[in-house]
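J.: Coordinates in run.cif, mmCIF, C-alpha atoms and all ligand atoms, are listed below.
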data_my_file
#
loop_
_atom_site.label_atom_id
_atom_site.label_comp_id
_atom_site.auth_asym_id
_atom_site.auth_seq_id
_atom_site.Cartn_x
_atom_site.Cartn_y
_atom_site.Cartn_z
CA MET A 1 100.79 -70.72 175.58
CA SER A 2 98.68 -69.26 178.33
CA LEU A 3 96.01 -66.58 178.13
CA GLU A 4 94.95 -64.19 180.87
CA VAL A 5 92.01 -61.91 180.44
CA ALA A 6 91.47 -59.37 183.22
CA GLN A 7 88.43 -57.18 183.80
CA LEU A 8 87.56 -56.77 180.17
CA SER A 9 84.61 -54.50 179.35
CA ARG A 10 83.18 -53.49 176.00
CA ARG A 11 80.11 -51.39 175.32
CA PHE A 12 78.30 -50.76 172.03
CA GLY A 13 75.94 -47.83 172.62
CA ASP A 14 73.40 -49.16 175.11
CA ALA A 15 74.60 -52.76 174.88
CA GLN A 16 77.16 -53.87 177.46
CA ALA A 17 78.69 -56.65 175.36
CA LEU A 18 81.40 -57.52 177.91
CA ARG A 19 81.11 -56.89 181.63
CA ASP A 20 84.25 -57.19 183.70
CA VAL A 21 85.31 -60.50 182.16
CA SER A 22 88.28 -62.26 183.75
CA LEU A 23 89.50 -65.64 182.58
CA ALA A 24 92.77 -67.55 182.87
CA VAL A 25 93.33 -70.28 180.29
CA ARG A 26 96.25 -72.66 180.71
CA GLY A 27 98.51 -73.71 177.89
CA GLY A 28 97.06 -76.75 176.08
CA GLU A 29 93.53 -76.25 177.32
CA PHE A 30 90.46 -76.56 175.15
CA VAL A 31 87.91 -74.03 176.41
CA ALA A 32 84.32 -73.52 175.31
CA LEU A 33 82.49 -70.20 175.59
CA LEU A 34 78.87 -71.17 176.05
CA GLY A 35 75.90 -68.85 176.36
CA PRO A 36 72.69 -67.65 174.77
CA SER A 37 72.57 -65.34 171.80
CA GLY A 38 73.86 -61.86 172.61
CA SER A 39 75.76 -62.92 175.75
CA GLY A 40 79.09 -61.57 174.44
CA LYS A 41 80.85 -64.70 173.16
CA THR A 42 81.79 -63.36 169.74
CA THR A 43 82.81 -59.99 171.15
CA LEU A 44 85.19 -61.69 173.59
CA LEU A 45 86.76 -63.72 170.78
CA ARG A 46 87.12 -60.63 168.58
CA VAL A 47 88.84 -58.69 171.36
CA LEU A 48 91.24 -61.61 171.95
CA ALA A 49 92.02 -61.76 168.24
CA GLY A 50 92.71 -58.02 168.10
CA LEU A 51 89.82 -57.39 165.69
CA ASP A 52 88.01 -55.28 168.27
CA PHE A 53 89.17 -53.35 171.32
CA ALA A 54 87.93 -53.34 174.88
CA ASP A 55 86.99 -50.12 176.71
CA ALA A 56 88.78 -51.41 179.79
CA GLY A 57 90.79 -54.43 180.88
CA THR A 58 93.76 -56.37 179.57
CA VAL A 59 94.58 -59.41 177.45
CA ARG A 60 97.88 -61.17 178.07
CA ILE A 61 99.36 -64.01 176.08
CA ASP A 62 102.20 -65.79 177.86
CA GLY A 63 102.31 -62.83 180.21
CA ARG A 64 102.69 -60.23 177.44
CA ASP A 65 100.14 -57.39 177.23
CA MET A 66 98.48 -57.47 173.81
CA SER A 67 96.92 -53.99 173.81
CA ALA A 68 99.50 -52.52 171.45
CA VAL A 69 99.99 -55.69 169.38
CA PRO A 70 98.10 -55.74 166.05
CA ALA A 71 95.97 -58.77 165.15
CA ARG A 72 98.37 -60.28 162.67
CA GLU A 73 101.28 -60.18 165.11
CA ARG A 74 99.46 -61.95 167.94
CA GLY A 75 100.16 -65.44 166.65
CA ILE A 76 96.46 -66.28 166.81
CA GLY A 77 94.62 -68.43 164.29
CA PHE A 78 90.91 -67.86 163.95
CA VAL A 79 87.95 -69.44 162.26
CA PHE A 80 85.12 -66.93 162.29
CA GLN A 81 81.93 -67.25 160.32
CA SER A 82 82.35 -63.69 159.14
CA TYR A 83 85.72 -64.63 157.65
CA ALA A 84 84.43 -67.01 155.02
CA LEU A 85 86.81 -68.51 152.49
CA PHE A 86 87.87 -66.30 149.60
CA ARG A 87 85.54 -67.35 146.81
CA HIS A 88 87.83 -66.66 143.89
CA MET A 89 90.83 -68.50 145.40
CA SER A 90 91.46 -72.22 145.26
CA VAL A 91 91.60 -74.27 148.44
CA PHE A 92 95.39 -74.23 148.19
CA GLU A 93 95.52 -70.43 147.84
CA ASN A 94 93.08 -69.93 150.69
CA ILE A 95 95.30 -71.93 153.02
CA ALA A 96 98.46 -70.17 151.81
CA PHE A 97 96.92 -66.71 152.24
CA GLY A 98 98.04 -65.99 155.81
CA LEU A 99 101.66 -66.78 154.91
CA ARG A 100 101.70 -64.82 151.65
CA VAL A 101 100.49 -61.58 153.26
CA ARG A 102 103.25 -61.55 155.84
CA PRO A 103 105.81 -58.73 155.69
CA ARG A 104 108.64 -59.77 153.38
CA ALA A 105 111.14 -60.40 156.18
CA GLN A 106 108.82 -62.94 157.85
CA ARG A 107 107.41 -64.50 154.69
CA PRO A 108 108.46 -68.10 154.03
CA THR A 109 109.79 -68.92 150.55
CA ARG A 110 107.36 -70.13 147.85
CA ALA A 111 108.68 -73.66 148.27
CA GLU A 112 108.25 -73.52 152.03
CA ILE A 113 104.70 -72.19 151.70
CA ALA A 114 103.86 -75.03 149.28
CA ARG A 115 105.35 -77.57 151.67
CA ARG A 116 103.34 -76.27 154.62
CA VAL A 117 100.07 -76.08 152.69
CA GLU A 118 100.50 -79.60 151.36
CA ALA A 119 101.25 -80.91 154.84
CA LEU A 120 98.06 -79.27 156.13
CA LEU A 121 95.97 -80.58 153.25
CA GLY A 122 97.22 -84.06 154.08
CA ARG A 123 96.54 -83.70 157.76
CA MET A 124 93.01 -82.43 157.11
CA GLY A 125 92.34 -85.31 154.74
CA ILE A 126 91.53 -83.00 151.82
CA ALA A 127 94.65 -83.30 149.64
CA GLU A 128 92.58 -84.05 146.56
CA LEU A 129 90.67 -80.76 146.88
CA ALA A 130 93.68 -78.43 146.58
CA ARG A 131 92.76 -77.02 143.16
CA ARG A 132 89.03 -76.62 143.74
CA LEU A 133 87.18 -73.42 144.51
CA PRO A 134 85.21 -73.14 147.78
CA GLU A 135 81.89 -73.45 145.92
CA GLN A 136 83.00 -76.83 144.56
CA ILE A 137 83.37 -78.52 147.96
CA SER A 138 80.94 -79.49 150.75
CA GLY A 139 80.19 -77.52 153.91
CA GLY A 140 82.20 -79.91 156.08
CA GLN A 141 85.15 -79.72 153.69
CA ARG A 142 84.94 -75.92 153.74
CA GLN A 143 85.22 -75.95 157.52
CA ARG A 144 88.36 -78.07 157.24
CA VAL A 145 89.82 -75.60 154.76
CA ALA A 146 88.97 -72.69 157.07
CA LEU A 147 90.73 -74.50 159.88
CA ALA A 148 93.74 -75.29 157.70
CA ARG A 149 93.91 -71.59 156.78
CA ALA A 150 93.93 -70.68 160.48
CA LEU A 151 96.60 -73.28 161.26
CA ALA A 152 98.92 -72.33 158.38
CA ILE A 153 100.50 -69.53 160.41
CA GLU A 154 101.29 -72.05 163.17
CA PRO A 155 99.29 -70.15 165.76
CA ARG A 156 99.88 -70.40 169.48
CA LEU A 157 96.23 -69.83 170.16
CA LEU A 158 93.28 -70.99 168.07
CA LEU A 159 89.93 -69.16 168.24
CA LEU A 160 86.83 -70.71 166.71
CA ASP A 161 83.43 -69.05 166.46
CA GLU A 162 80.67 -71.63 166.02
CA PRO A 163 82.98 -73.68 163.82
CA PHE A 164 80.33 -76.28 163.04
CA GLY A 165 77.35 -73.95 163.06
CA ALA A 166 76.06 -74.49 159.57
CA LEU A 167 76.63 -78.24 159.34
CA ASP A 168 74.23 -81.12 159.79
CA ALA A 169 74.35 -83.21 162.97
CA GLU A 170 76.35 -86.18 161.64
CA VAL A 171 79.07 -84.14 159.92
CA ARG A 172 79.22 -81.97 163.00
CA LYS A 173 79.85 -84.90 165.32
CA GLY A 174 82.62 -86.27 163.12
CA LEU A 175 84.36 -82.91 162.83
CA ARG A 176 84.09 -82.35 166.56
CA ARG A 177 86.05 -85.48 167.38
CA TRP A 178 88.54 -84.73 164.69
CA LEU A 179 89.09 -81.20 166.03
CA ARG A 180 89.58 -82.51 169.54
CA ALA A 181 92.25 -84.94 168.30
CA LEU A 182 93.95 -82.22 166.24
CA HIS A 183 94.02 -79.86 169.23
CA ALA A 184 95.81 -82.50 171.29
CA GLU A 185 98.16 -83.57 168.55
CA LEU A 186 99.33 -80.03 167.73
CA GLY A 187 99.56 -79.01 171.38
CA LEU A 188 97.24 -76.05 170.74
CA THR A 189 95.48 -73.82 173.20
CA SER A 190 91.96 -73.34 171.84
CA LEU A 191 88.84 -71.33 172.62
CA PHE A 192 85.63 -72.02 170.79
CA VAL A 193 82.24 -70.38 170.87
CA THR A 194 79.09 -72.43 170.86
CA HIS A 195 75.52 -72.17 172.02
CA ASP A 196 75.18 -75.96 171.90
CA GLN A 197 75.67 -77.29 175.40
CA GLU A 198 76.31 -80.86 174.27
CA GLU A 199 79.07 -79.69 171.99
CA ALA A 200 80.67 -77.69 174.81
CA MET A 201 80.39 -80.58 177.27
CA GLU A 202 81.80 -83.13 174.87
CA LEU A 203 84.75 -81.13 173.59
CA ALA A 204 85.97 -78.78 176.26
CA ASP A 205 88.33 -79.28 179.18
CA ARG A 206 86.62 -76.29 180.77
CA VAL A 207 83.52 -74.32 179.90
CA ALA A 208 83.00 -70.58 180.47
CA VAL A 209 79.27 -69.93 180.73
CA MET A 210 78.37 -66.40 179.66
CA GLN A 211 75.27 -64.40 180.55
CA ALA A 212 74.69 -60.77 179.53
CA GLY A 213 78.37 -60.03 178.92
CA ALA A 214 79.69 -61.69 182.08
CA VAL A 215 81.35 -65.06 182.68
CA VAL A 216 79.09 -66.51 185.37
CA GLN A 217 80.86 -69.85 185.78
CA PHE A 218 84.17 -71.26 184.51
CA ASP A 219 84.73 -74.88 185.35
CA THR A 220 84.96 -78.44 184.04
CA PRO A 221 81.84 -79.81 182.30
CA ALA A 222 81.26 -82.26 185.16
CA ALA A 223 81.47 -79.55 187.82
CA ILE A 224 79.15 -77.23 185.91
CA LEU A 225 76.55 -79.95 185.46
CA ASP A 226 76.84 -81.08 189.04
CA ARG A 227 77.10 -77.70 190.75
CA PRO A 228 75.63 -74.93 188.59
CA ALA A 229 76.61 -71.62 190.19
CA SER A 230 73.25 -69.94 189.67
CA ALA A 231 69.67 -70.45 188.57
CA PHE A 232 70.68 -69.18 185.13
CA VAL A 233 73.36 -71.85 184.68
CA ALA A 234 71.11 -74.59 186.07
CA GLY A 235 68.34 -73.60 183.69
CA PHE A 236 70.59 -73.24 180.67
CA LEU A 237 72.20 -76.67 181.07
CA GLY A 238 71.09 -80.21 181.43
CA HIS A 239 67.48 -80.23 180.24
CA ALA A 240 66.05 -79.43 183.65
CA ALA A 241 62.46 -78.62 184.56
CA ARG A 242 62.16 -75.22 186.22
CA LEU A 243 59.72 -75.32 189.11
CA PRO A 244 58.37 -72.70 191.51
CA ALA A 245 59.45 -73.49 195.09
CA ARG A 246 59.78 -72.16 198.61
CA LEU A 247 62.51 -73.03 201.10
CA ALA A 248 61.27 -73.58 204.66
CA ALA A 249 63.15 -74.68 207.76
CA ASP A 250 62.57 -78.38 207.12
CA ALA A 251 62.22 -78.78 203.38
CA LEU A 252 61.79 -77.35 199.91
CA HIS A 253 58.11 -77.03 199.08
CA PHE A 254 56.87 -76.93 195.50
CA ASP A 255 53.56 -75.15 196.03
CA PRO A 256 51.39 -74.61 194.09
CA LEU A 257 52.49 -77.81 192.28
CA PRO A 258 51.11 -81.08 193.70
CA LEU A 259 54.53 -82.50 194.59
CA PRO A 260 55.65 -83.73 198.01
CA PRO A 261 58.26 -81.50 199.67
CA LEU A 262 61.94 -82.47 199.47
CA PRO A 263 63.89 -82.58 202.74
CA ARG A 264 66.86 -80.20 202.75
CA ALA A 265 69.26 -83.14 202.91
CA ALA A 266 68.04 -84.29 199.49
CA LEU A 267 68.90 -81.00 197.77
CA ARG A 268 72.04 -80.64 195.64
CA ALA A 269 72.00 -76.84 195.83
CA THR A 270 70.24 -74.88 198.55
CA PRO A 271 69.56 -71.14 198.80
CA GLU A 272 71.17 -69.38 201.76
CA ALA A 273 67.91 -68.05 203.14
CA GLU A 274 64.38 -69.33 203.52
CA GLY A 275 61.79 -67.92 201.16
CA PRO A 276 60.75 -67.99 197.49
CA ALA A 277 63.01 -70.13 195.34
CA VAL A 278 63.29 -71.61 191.91
CA ALA A 279 64.10 -75.31 191.65
CA PHE A 280 65.56 -77.39 188.81
CA VAL A 281 64.99 -81.12 188.40
CA ARG A 282 66.65 -83.04 185.54
CA SER A 283 64.82 -85.68 183.55
CA HIS A 284 66.53 -88.58 185.34
CA GLU A 285 65.87 -87.13 188.80
CA TRP A 286 62.19 -88.14 189.01
CA ARG A 287 60.65 -91.20 190.66
CA ILE A 288 57.60 -92.29 188.64
CA ARG A 289 54.99 -95.01 189.02
CA PRO A 290 51.49 -95.71 187.74
CA ALA A 291 48.96 -94.19 190.12
CA ALA A 292 46.41 -96.15 192.10
CA ALA A 293 42.88 -94.69 192.01
CA GLY A 294 42.75 -91.14 193.34
CA GLU A 295 46.46 -90.77 194.20
CA GLY A 296 47.79 -89.54 190.86
CA ASN A 297 49.39 -86.12 190.61
CA ALA A 298 50.26 -86.16 186.90
CA THR A 299 49.39 -87.69 183.52
CA LEU A 300 51.63 -89.12 180.81
CA LEU A 301 51.32 -87.10 177.60
CA HIS A 302 53.84 -88.75 175.34
CA ALA A 303 56.62 -91.38 175.45
CA ARG A 304 59.56 -91.79 173.09
CA ARG A 305 62.15 -94.58 173.13
CA SER A 306 65.74 -93.41 173.42
CA GLY A 307 68.45 -95.99 174.03
CA GLY A 308 67.42 -98.31 176.85
CA GLN A 309 65.05 -95.73 178.35
CA GLU A 310 61.83 -93.97 177.53
CA GLN A 311 61.73 -90.18 177.45
CA LEU A 312 58.43 -89.08 178.92
CA GLU A 313 56.50 -85.85 178.70
CA ILE A 314 54.31 -85.58 181.75
CA ASP A 315 51.60 -83.08 182.53
CA LEU A 316 52.00 -81.92 186.12
CA ALA A 317 49.14 -79.51 186.89
CA GLY A 318 49.56 -77.80 183.54
CA GLN A 319 53.37 -77.78 183.50
CA VAL A 320 55.07 -80.18 181.08
CA ILE A 321 57.86 -82.15 182.75
CA GLU A 322 60.48 -84.21 180.91
CA ALA A 323 61.36 -87.42 182.69
CA GLU A 324 62.96 -90.80 182.04
CA ALA A 325 61.56 -94.20 182.87
CA ALA A 326 61.87 -97.88 181.97
CA PRO A 327 60.09 -98.69 178.69
CA GLY A 328 56.41 -99.59 178.99
CA LEU A 329 55.99 -98.30 182.54
CA LEU A 330 53.14 -96.00 181.51
CA GLN A 331 50.77 -95.55 178.59
CA PRO A 332 49.86 -92.13 177.19
CA GLY A 333 46.84 -90.72 179.01
CA GLN A 334 47.54 -92.80 182.09
CA PRO A 335 47.53 -91.10 185.50
CA CYS A 336 50.79 -91.46 187.40
CA ARG A 337 52.52 -90.38 190.56
CA ILE A 338 55.78 -88.47 190.22
CA GLU A 339 58.16 -87.18 192.88
CA ALA A 340 61.46 -85.36 192.62
CA VAL A 341 64.33 -87.41 194.02
CA THR A 342 66.55 -84.36 194.26
CA ALA A 343 66.61 -80.74 193.07
CA ARG A 344 68.91 -77.77 192.79
CA ALA A 345 67.30 -74.71 194.30
CA TYR A 346 68.27 -71.03 194.13
CA ALA A 347 66.80 -67.92 195.67
CA ASP A 348 64.14 -66.52 193.36
CA LYS A 349 65.44 -63.01 192.89
CA PRO A 350 63.28 -60.62 190.94
N1 LIG A 401 79.39 -54.04 166.26
C1 LIG A 401 78.40 -53.97 167.13
N2 LIG A 401 77.60 -52.88 167.22
C2 LIG A 401 76.62 -52.79 168.13
N3 LIG A 401 76.30 -53.75 169.00
C3 LIG A 401 77.03 -54.88 168.98
C4 LIG A 401 78.10 -55.05 168.05
N4 LIG A 401 78.66 -56.27 168.26
C5 LIG A 401 77.96 -56.84 169.26
N5 LIG A 401 76.99 -56.01 169.71
C6 LIG A 401 76.05 -56.26 170.82
O1 LIG A 401 76.80 -56.79 171.91
C7 LIG A 401 76.12 -57.87 172.54
C8 LIG A 401 76.96 -59.13 172.51
O2 LIG A 401 77.06 -59.58 171.17
P1 LIG A 401 77.90 -60.86 170.74
O3 LIG A 401 77.84 -60.96 169.24
O4 LIG A 401 79.22 -60.82 171.37
O5 LIG A 401 77.03 -62.03 171.39
P2 LIG A 401 77.11 -63.60 171.15
O6 LIG A 401 77.03 -64.22 172.50
O7 LIG A 401 78.29 -63.94 170.31
O8 LIG A 401 75.77 -63.88 170.36
P3 LIG A 401 75.43 -64.96 169.19
O9 LIG A 401 75.42 -66.30 169.85
O10 LIG A 401 74.06 -64.54 168.75
O11 LIG A 401 76.47 -64.82 168.12
C9 LIG A 401 74.78 -57.98 171.83
O12 LIG A 401 73.84 -57.23 172.58
C10 LIG A 401 75.06 -57.36 170.49
O13 LIG A 401 73.86 -56.83 169.94
#
Can the structure from this file be put into structure tokens for me?

T.:
Amino acid sequence: MSLEVAQLSRRFGDAQALRDVSLAVRGGEFVALLGPSGSGKTTLLRVLAGLDFADAGTVRIDGRDMSAVPARERGIGFVFQSYALFRHMSVFENIAFGLRVRPRAQRPTRAEIARRVEALLGRMGIAELARRLPEQISGGQRQRVALARALAIEPRLLLLDEPFGALDAEVRKGLRRWLRALHAELGLTSLFVTHDQEEAMELADRVAVMQAGAVVQFDTPAAILDRPASAFVAGFLGHAARLPARLAADALHFDPLPLPPLPRAALRATPEAEGPAVAFVRSHEWRIRPAAAGEGNATLLHARRSGGQEQLEIDLAGQVIEAEAAPGLLQPGQPCRIEAVTARAYADKP
């Protein structure tokens, strides 16, 4: 099923939660909504689900306008943190809930409900938990039950709000991969909210980056990392150092930082006009070497081994820069010489 969102706006008092949001999601896609706290992710999901209503704009599913269609008739499954499991119901009853509350004419028989719930329990790998209460299972298992509850109605579209939010890193990673496989296997179209960029990049076919109620970029993870559409996106993603800069005719200058200028040809994003700019350099985009006497421009603060590389924290005239280098290149306290190999620069608008 496909989803088209056109010019959606939603205001709460002074807060513009959604600002002219347009988004077209293809059938079968797995899309992440990524953005800082308060950027409108949850509001967008709630409007799609029919739990909240936009002041302007439209939501279409497979071409059909949803404005007059109530939540439970939209064929959408959702896993929202605010819709925790029912505490007094067993795992089985929680999963069956969405089918049991259907109007009589659309309600499957008891036997059919039992068959569907058991099939889901099996698929989720939690068959042995059917009779337990939510408080008697782990956080990761609860998330699987919440997902099974959302899937029981055989939704066309699955919406997930921070589905792994409360879980520890290991469980989270496992569930992520499992969700990705499930999405593909069931042929779902899914949208999930996260503020964890790694999660978005690993799971999603495309990522919608949100800022202050607007979608500021909607593209594949690779394209977003490679060509961030704005200083906001560049700064939000990819662990980049943010540096003051100035674009001149020949090169990008980093004054007042003691870095050599970068010729325009070395830049991966360039502002349209000369003048004040802000530049982003990722940790692997630095050239570093120990400094000979008097030629250092920075000092190593701290080094940490990570995989085959060392992650360095370098003091560059008072600004801490994250960089990567071969292990043992520098010792803490040692002066060094660092240069940006490339940068992404944007006009520094007030
Ligand atoms: N029911 C509400 N009443 C008033 N303001 C609201 C309401 N819901 C959301 N907002 C405001 O709308 C804006 C967007 O909120 P939203 O919850 O959609 O952001 P979010 O990106 O999901 O944030 P988070 O990552 O913290 O969950 C915020 O400024 C928020 O305070």

J.: In file coordinates, which residues lie within 12 Å of (58.8, -90.3, 174.3) using all atoms listed in the file, given as a VMD selection string?

T.: chain A and resid 283 300 to 307 309 to 314 321 to 332

J.: May I have the residues within 12 Å of ligand LIG 401 (chain A), computed using only C-alpha atoms and all ligand atoms, as JSON, numbers by chain?

T.: {"A": [9, 10, 11, 12, 13, 14, 15, 16, 17, 18, 19, 33, 34, 35, 36, 37, 38, 39, 40, 41, 42, 43, 44, 45, 46, 47, 51, 52, 53, 54, 80, 81, 82, 160, 161, 162, 163, 165, 192, 193, 194, 195, 196, 208, 209, 210, 211, 212, 213, 214, 215]}

J.: Generate a file of the selected residues that holds C-alpha atoms, formatted as an mmCIF file, keeping the file's coordinate frame.

T.:
data_model
loop_
_atom_site.group_PDB
_atom_site.id
_atom_site.type_symbol
_atom_site.label_atom_id
_atom_site.label_comp_id
_atom_site.auth_asym_id
_atom_site.auth_seq_id
_atom_site.Cartn_x
_atom_site.Cartn_y
_atom_site.Cartn_z
ATOM 1 C CA SER A 9 84.610 -54.500 179.350
ATOM 2 C CA ARG A 10 83.180 -53.490 176.000
ATOM 3 C CA ARG A 11 80.110 -51.390 175.320
ATOM 4 C CA PHE A 12 78.300 -50.760 172.030
ATOM 5 C CA GLY A 13 75.940 -47.830 172.620
ATOM 6 C CA ASP A 14 73.400 -49.160 175.110
ATOM 7 C CA ALA A 15 74.600 -52.760 174.880
ATOM 8 C CA GLN A 16 77.160 -53.870 177.460
ATOM 9 C CA ALA A 17 78.690 -56.650 175.360
ATOM 10 C CA LEU A 18 81.400 -57.520 177.910
ATOM 11 C CA ARG A 19 81.110 -56.890 181.630
ATOM 12 C CA LEU A 33 82.490 -70.200 175.590
ATOM 13 C CA LEU A 34 78.870 -71.170 176.050
ATOM 14 C CA GLY A 35 75.900 -68.850 176.360
ATOM 15 C CA PRO A 36 72.690 -67.650 174.770
ATOM 16 C CA SER A 37 72.570 -65.340 171.800
ATOM 17 C CA GLY A 38 73.860 -61.860 172.610
ATOM 18 C CA SER A 39 75.760 -62.920 175.750
ATOM 19 C CA GLY A 40 79.090 -61.570 174.440
ATOM 20 C CA LYS A 41 80.850 -64.700 173.160
ATOM 21 C CA THR A 42 81.790 -63.360 169.740
ATOM 22 C CA THR A 43 82.810 -59.990 171.150
ATOM 23 C CA LEU A 44 85.190 -61.690 173.590
ATOM 24 C CA LEU A 45 86.760 -63.720 170.780
ATOM 25 C CA ARG A 46 87.120 -60.630 168.580
ATOM 26 C CA VAL A 47 88.840 -58.690 171.360
ATOM 27 C CA LEU A 51 89.820 -57.390 165.690
ATOM 28 C CA ASP A 52 88.010 -55.280 168.270
ATOM 29 C CA PHE A 53 89.170 -53.350 171.320
ATOM 30 C CA ALA A 54 87.930 -53.340 174.880
ATOM 31 C CA PHE A 80 85.120 -66.930 162.290
ATOM 32 C CA GLN A 81 81.930 -67.250 160.320
ATOM 33 C CA SER A 82 82.350 -63.690 159.140
ATOM 34 C CA LEU A 160 86.830 -70.710 166.710
ATOM 35 C CA ASP A 161 83.430 -69.050 166.460
ATOM 36 C CA GLU A 162 80.670 -71.630 166.020
ATOM 37 C CA PRO A 163 82.980 -73.680 163.820
ATOM 38 C CA GLY A 165 77.350 -73.950 163.060
ATOM 39 C CA PHE A 192 85.630 -72.020 170.790
ATOM 40 C CA VAL A 193 82.240 -70.380 170.870
ATOM 41 C CA THR A 194 79.090 -72.430 170.860
ATOM 42 C CA HIS A 195 75.520 -72.170 172.020
ATOM 43 C CA ASP A 196 75.180 -75.960 171.900
ATOM 44 C CA ALA A 208 83.000 -70.580 180.470
ATOM 45 C CA VAL A 209 79.270 -69.930 180.730
ATOM 46 C CA MET A 210 78.370 -66.400 179.660
ATOM 47 C CA GLN A 211 75.270 -64.400 180.550
ATOM 48 C CA ALA A 212 74.690 -60.770 179.530
ATOM 49 C CA GLY A 213 78.370 -60.030 178.920
ATOM 50 C CA ALA A 214 79.690 -61.690 182.080
ATOM 51 C CA VAL A 215 81.350 -65.060 182.680
#

J.: What lies within 12 Å of Leu188 in chain A using only C-alpha atoms, ignoring chain neighbours under 6 positions off, as number ranges by chain?

T.: A: 1-2, 25-31, 75-77, 151, 154-159, 179-182

J.: Mind pulling up the distance from CA of Cys336 in chain A to CA of Pro260 in chain A?

T.: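 Straight-line distance from CA of Pro260 in chain A to CA of Cys336 in chain A works out to 14.0 Å.
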
J.: So that I can see what lies close to Glu272 in chain A, please list as an mmCIF file with C-alpha atoms, in the frame of the given file the residues with an atom at most 10 Å from it, counting only C-alpha atoms and leaving out residues fewer than 3 positions away in the same chain.

T.:
data_model
loop_
_atom_site.group_PDB
_atom_site.id
_atom_site.type_symbol
_atom_site.label_atom_id
_atom_site.label_comp_id
_atom_site.auth_asym_id
_atom_site.auth_seq_id
_atom_site.Cartn_x
_atom_site.Cartn_y
_atom_site.Cartn_z
ATOM 1 C CA LEU A 247 62.510 -73.030 201.100
ATOM 2 C CA ALA A 269 72.000 -76.840 195.830
ATOM 3 C CA GLY A 275 61.790 -67.920 201.160
ATOM 4 C CA ALA A 345 67.300 -74.710 194.300
ATOM 5 C CA TYR A 346 68.270 -71.030 194.130
ATOM 6 C CA ALA A 347 66.800 -67.920 195.670
#

J.: Check the smallest atom-to-atom distance from each of A:Val5, A:Ala32, A:Ala56, A:Leu259 to Thr220 in chain A using all atoms listed in the file, then report the winner.

T.: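 The shortest atom-to-atom distance to Thr220 in chain A comes from A:Ala32.
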
J.: I want to know what sits within 7 Å of Arg246 in chain A, based on all atoms listed in the file, with residues of the same chain fewer than 3 positions away left out; could you give that as a PyMOL selection string?

T.: chain A and resi 252-254+275-277

J.: Those selected residues, please, written with C-alpha atoms and delivered as a tab-separated table (two decimals), in the frame of the given file.

T.:
chain	number	residue	atom	x	y	z
A	252	LEU	CA	61.79	-77.35	199.91
A	253	HIS	CA	58.11	-77.03	199.08
A	254	PHE	CA	56.87	-76.93	195.50
A	275	GLY	CA	61.79	-67.92	201.16
A	276	PRO	CA	60.75	-67.99	197.49
A	277	ALA	CA	63.01	-70.13	195.34

J.: Compile the contact shell of Ile288 in chain A as a PyMOL selection string: residues with an atom at most 8 Å away, counting all atoms listed in the file, same-chain residues fewer than 2 positions apart removed.

T.: chain A and resi 286+290+325+336-339

J.: CA of Leu316 in chain A and CA of Asn297 in chain A are how many Å apart?

T.: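 About the pair CA of Leu316 in chain A and CA of Asn297 in chain A: they are 6.7 Å apart.
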
J.: From the options A:Thr342, A:Asp168, A:Gly125, A:His183, which residue's atoms come nearest to Ala251 in chain A, counting all atoms listed in the file?

T.: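 Under the stated criterion, the closest residue is A:Thr342.
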
J.: Between A:Arg344, A:Arg282, A:Arg149, A:Arg177, which residue has the minimum interatomic distance to Ile113 in chain A, considering all atoms listed in the file?

T.: A:Arg149

J.: Would you kindly return, as a list in words, each protein, DNA or RNA residue with an atom no farther than 9 Å from any atom of Gly98 in chain A, considering only C-alpha atoms and excluding same-chain residues fewer than 2 positions away?

T.: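 What passes the distance filter is Arg72, Asn94, Ile95, Ala96, Arg100, Val101, Arg102, Arg149, Ala150, Ala152 and Ile153 of chain A.
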
J.: Rounded to one decimal place, report the CA of Ala6 in chain A-CA of Arg227 in chain A distance in Å.

T.: 24.5 Å

J.: Pick from A:Val21, A:Glu4, A:Pro221, A:Met124: nearest to Arg64 in chain A, with only C-alpha atoms counted?

T.: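 Smallest separation from Arg64 in chain A among the options: A:Glu4.
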
J.: Here is a test: counting only C-alpha atoms, which residue of A:Leu3, A:Leu237, A:Gln334, A:Ala24 is nearest to Arg74 in chain A?

T.: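 Ranking A:Leu3, A:Leu237, A:Gln334, A:Ala24 by distance to Arg74 in chain A, first place goes to A:Leu3.
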
J.: Got a sec to write range 317-334 of chain A of the block to a file, C-alpha atoms, as a compact mmCIF listing (two decimals), in the first residue's frame?

T.:
# COMPACT_ATOMS: atom_id res chain seq x y z
CA ALA A 317 42.57 25.97 19.67
CA GLY A 318 40.04 25.19 22.38
CA GLN A 319 37.59 23.25 20.19
CA VAL A 320 37.44 19.48 20.72
CA ILE A 321 37.59 17.58 17.42
CA GLU A 322 36.79 13.88 17.00
CA ALA A 323 39.06 12.16 14.52
CA GLU A 324 40.22 8.68 13.53
CA ALA A 325 43.77 7.48 13.10
CA ALA A 326 45.88 4.32 13.00
CA PRO A 327 46.56 2.96 16.51
CA GLY A 328 49.62 4.36 18.26
CA LEU A 329 50.09 7.31 15.91
CA LEU A 330 49.95 9.80 18.79
CA GLN A 331 50.23 9.79 22.57
CA PRO A 332 47.95 11.87 24.80
CA GLY A 333 49.45 15.32 25.35
CA GLN A 334 51.45 15.13 22.15
